[in-house]
Amino acid sequence: MEDAGQRLRRARERLDLRFRDVELASQQIADRHNNKEFIVMISRLSDIENHGTLPSIYRLYSLCCIYRLDLTEVLTWFGVPVSSLASDAGLVPIEKTHPVDFDPDAAEVLLPISLNPGIDLGRTFFVSEVVQRWGKLPLALVSGADIRRYRYGFVGTDDWSMSPSVPAGALLVIDDTKRRIALTGWRSQAERPLYFLQHRDGYYCRWCSLKDGVLSMIPDPSSDAPVIAAPADEVDVIGQVVGLAISLDHEKRRRTRT
């Protein structure tokens with residue numbers, strides 16, 4: 001199997017480029033950005049292609065520009081699991097609530113792509129017992145083409161202000177076209193709109209009320225978090241929370257809270 005350096009060499013040879021051609025082309029990129037780090041010297045290119053030397057991020061960018069290669073794909077040649085960015089991020093507990101800016105088109109998830117043809121989809125069943133084949137699909141295909149219209153947030157592992165309605169560690173799906181605070185229209189707290197907000201001291205996932213120019217960020221009454229009130233023009237409403245995913249590992253959540 002070809003290593004990354006060999007694949008880069010093949011890309012260069014397909015374009016009939018000599019080492020000197022690549023060096024001169026990278027010099028133009030460096031001049032344009034006023035940064036000599038973009039220059040790929042002949043000796044360095046030889047080391048990359050023949051001796052497994054890792055290029056810097058600047059040189060890799062130059063090579064992708066010169067060879068007309070997709071930078072994300074080339075990163076995978078060097079063993080960087082770009083498609084696992086979102087799932088790997090989930091391994092790192094962050095205490096504060098924050099937005100997530102991963103590109104849904106670049107992320108993949110492991111899904112059952114072939115089920116037992118005799119399965120009755122009308123009944124509840126254990127997926128692992130009926131899956132014939134698993135495979136990776138782009139995250140953008142999981143929930144349909146509209147996934148690009150949403151943004152994402154993550155409730156910090158130390159943020160219990162909306163628990164148990166929204167526990168710490170929940171992944172939030174945010175519709176940033178719904179930024180106007182709804183004041184009525186729900187029959188219970190379960191139906192009350194949730195919003196993802198940014199204040200000067202951080203991000204919040206809360207119910208909201210708006211009166212006389214003051215926006216109140218309201219926690220779940222079961223938590224001991226306070227209501228935070230601020231002038232509405234000091235709070236950025238990122239959007240309405242329209243979906244969430246939570247962990248059902250209650251022991252892990254309990255340990256995190258303590």
# chains A, B, ... in the order shown; residues from 1 in each chain; ligands from 1
$ residues_around --residues "Ile48 in chain A" --least-positions-apart "2" --cutoff "9 Å" --atoms "only C-alpha atoms" --output "list in words"
Ala4, Gly5, Gln6, Leu8, Arg9, Ser43, Arg44, Leu45, Ser46, Asn50, His51, Gly52, Thr53, Leu54 and Pro55 of chain A
$ residues_around --residues "Ser216 in chain A" --least-positions-apart "3" --cutoff "6 Å" --atoms "only C-alpha atoms" --output "compact mmCIF listing (two decimals) with N, CA and C atoms, in the first residue's frame"
# COMPACT_ATOMS: atom_id res chain seq x y z
N CYS A 208 -36.70 30.95 28.08
CA CYS A 208 -36.54 32.41 28.11
C CYS A 208 -37.86 33.12 28.29
N SER A 209 -37.79 34.28 28.90
CA SER A 209 -38.90 35.23 28.92
C SER A 209 -38.34 36.61 28.60
N ILE A 228 -31.02 34.02 35.22
CA ILE A 228 -30.08 35.07 34.83
C ILE A 228 -30.83 36.08 33.98
N ALA A 229 -30.89 37.33 34.42
CA ALA A 229 -31.58 38.39 33.70
C ALA A 229 -30.56 39.41 33.20
$ closest_residue --among "A:Asn34, A:Gln240, A:Ser87, A:Thr72" --to "Phe196 in chain A" --atoms "only C-alpha atoms"
A:Gln240
$ residues_around --residues "Tyr203 in chain A" --least-positions-apart "6" --cutoff "10 Å" --atoms "only C-alpha atoms" --output "list in words"
Lys96, Thr97, His98, Pro99, Gly153, Phe154, Val155, Gly156, Phe196, Leu197, Val235, Asp236, Val237 and Ile238 of chain A
$ write_last_selection --atoms "N, CA and C atoms" --output "mmCIF file, in the first residue's frame"
data_model
loop_
_atom_site.group_PDB
_atom_site.id
_atom_site.type_symbol
_atom_site.label_atom_id
_atom_site.label_comp_id
_atom_site.auth_asym_id
_atom_site.auth_seq_id
_atom_site.Cartn_x
_atom_site.Cartn_y
_atom_site.Cartn_z
ATOM 1 N N LYS A 96 -17.966 23.595 30.325
ATOM 2 C CA LYS A 96 -18.815 24.733 29.983
ATOM 3 C C LYS A 96 -19.645 24.441 28.736
ATOM 4 N N THR A 97 -20.869 24.927 28.704
ATOM 5 C CA THR A 97 -21.719 24.806 27.530
ATOM 6 C C THR A 97 -21.134 25.634 26.398
ATOM 7 N N HIS A 98 -21.179 25.096 25.175
ATOM 8 C CA HIS A 98 -20.488 25.752 24.072
ATOM 9 C C HIS A 98 -21.080 25.320 22.737
ATOM 10 N N PRO A 99 -20.880 26.109 21.688
ATOM 11 C CA PRO A 99 -21.329 25.713 20.345
ATOM 12 C C PRO A 99 -20.352 24.726 19.729
ATOM 13 N N GLY A 153 -24.782 22.593 19.378
ATOM 14 C CA GLY A 153 -24.212 23.037 20.638
ATOM 15 C C GLY A 153 -24.033 21.842 21.551
ATOM 16 N N PHE A 154 -23.281 22.037 22.617
ATOM 17 C CA PHE A 154 -23.007 20.956 23.544
ATOM 18 C C PHE A 154 -23.182 21.490 24.952
ATOM 19 N N VAL A 155 -24.038 20.840 25.743
ATOM 20 C CA VAL A 155 -24.224 21.244 27.128
ATOM 21 C C VAL A 155 -23.022 20.747 27.918
ATOM 22 N N GLY A 156 -22.339 21.649 28.577
ATOM 23 C CA GLY A 156 -21.131 21.280 29.305
ATOM 24 C C GLY A 156 -21.370 20.183 30.328
ATOM 25 N N PHE A 196 -30.687 28.518 22.662
ATOM 26 C CA PHE A 196 -29.240 28.514 22.883
ATOM 27 C C PHE A 196 -28.789 29.957 22.792
ATOM 28 N N LEU A 197 -28.165 30.448 23.855
ATOM 29 C CA LEU A 197 -27.880 31.873 23.969
ATOM 30 C C LEU A 197 -26.422 32.118 24.329
ATOM 31 N N VAL A 235 -27.667 40.012 25.046
ATOM 32 C CA VAL A 235 -27.766 38.558 24.893
ATOM 33 C C VAL A 235 -27.975 38.239 23.420
ATOM 34 N N ASP A 236 -27.147 37.362 22.891
ATOM 35 C CA ASP A 236 -27.284 36.925 21.503
ATOM 36 C C ASP A 236 -28.043 35.604 21.487
ATOM 37 N N VAL A 237 -29.234 35.623 20.902
ATOM 38 C CA VAL A 237 -30.015 34.391 20.775
ATOM 39 C C VAL A 237 -29.508 33.647 19.544
ATOM 40 N N ILE A 238 -28.748 32.584 19.744
ATOM 41 C CA ILE A 238 -28.173 31.824 18.628
ATOM 42 C C ILE A 238 -29.280 31.127 17.843
#
$ closest_residue --among "A:Ala30, A:Leu171, A:Leu210, A:Leu183" --to "Gly90 in chain A" --atoms "only C-alpha atoms"
A:Leu171
$ closest_residue --among "A:Leu15, A:Arg200, A:Arg187, A:Cys64" --to "Pro231 in chain A" --atoms "only C-alpha atoms"
A:Arg200
$ atom_distance --atom1 "CA of Leu215 in chain A" --atom2 "CA of Ala232 in chain A"
4.9 Å
$ closest_residue --among "A:Gly202, A:Val214, A:Asp158, A:Arg151" --to "Ala170 in chain A" --atoms "only C-alpha atoms"
A:Asp158
$ residues_around --residues "Arg12 in chain A" --least-positions-apart "3" --cutoff "10 Å" --atoms "only C-alpha atoms" --output "PyMOL selection string"
chain A and resi 6-9+15-19+21-22+63+66-68
$ write_last_selection --atoms "C-alpha atoms" --output "mmCIF file, in the first residue's frame"
data_model
loop_
_atom_site.group_PDB
_atom_site.id
_atom_site.type_symbol
_atom_site.label_atom_id
_atom_site.label_comp_id
_atom_site.auth_asym_id
_atom_site.auth_seq_id
_atom_site.Cartn_x
_atom_site.Cartn_y
_atom_site.Cartn_z
ATOM 1 C CA GLN A 6 4.277 8.127 -2.512
ATOM 2 C CA ARG A 7 0.743 9.319 -3.196
ATOM 3 C CA LEU A 8 1.935 12.922 -3.274
ATOM 4 C CA ARG A 9 4.699 11.937 -5.687
ATOM 5 C CA LEU A 15 0.901 16.769 -13.701
ATOM 6 C CA ASP A 16 4.443 16.434 -15.136
ATOM 7 C CA LEU A 17 5.822 18.720 -12.449
ATOM 8 C CA ARG A 18 9.491 18.652 -11.509
ATOM 9 C CA PHE A 19 10.775 19.342 -8.015
ATOM 10 C CA ASP A 21 8.419 23.518 -10.556
ATOM 11 C CA VAL A 22 6.883 22.751 -7.175
ATOM 12 C CA LEU A 63 1.185 20.951 -2.136
ATOM 13 C CA ILE A 66 -0.249 22.967 -6.590
ATOM 14 C CA TYR A 67 -1.498 19.403 -7.143
ATOM 15 C CA ARG A 68 -5.201 20.363 -7.036
#
$ select_by_dssp --residues "range 155-256 of chain A" --states "alpha helix (DSSP H)" --output "number ranges by chain"
A: 250-256
$ write_last_selection --atoms "C-alpha atoms" --output "compact mmCIF listing (two decimals), in the first residue's frame"
# COMPACT_ATOMS: atom_id res chain seq x y z
CA HIS A 250 -26.66 7.42 34.39
CA GLU A 251 -23.69 6.20 36.44
CA LYS A 252 -21.27 8.13 34.23
CA ARG A 253 -23.41 11.26 34.46
CA ARG A 254 -23.65 10.91 38.22
CA ARG A 255 -19.86 10.56 38.55
CA THR A 256 -19.37 13.59 36.32
$ residues_around --residues "Pro167 in chain A" --least-positions-apart "3" --cutoff "9 Å" --atoms "only C-alpha atoms" --output "JSON, numbers by chain"
{"A": [155, 157, 159, 160, 161, 162, 163, 164, 170, 246, 247, 253]}
$ atom_distance --atom1 "CA of Leu194 in chain A" --atom2 "CA of Asp224 in chain A"
18.1 Å
$ residues_around --residues "Gln28 in chain A" --least-positions-apart "6" --cutoff "10 Å" --atoms "only C-alpha atoms" --output "ChimeraX atom specification"
/A:34,36,38-39,62
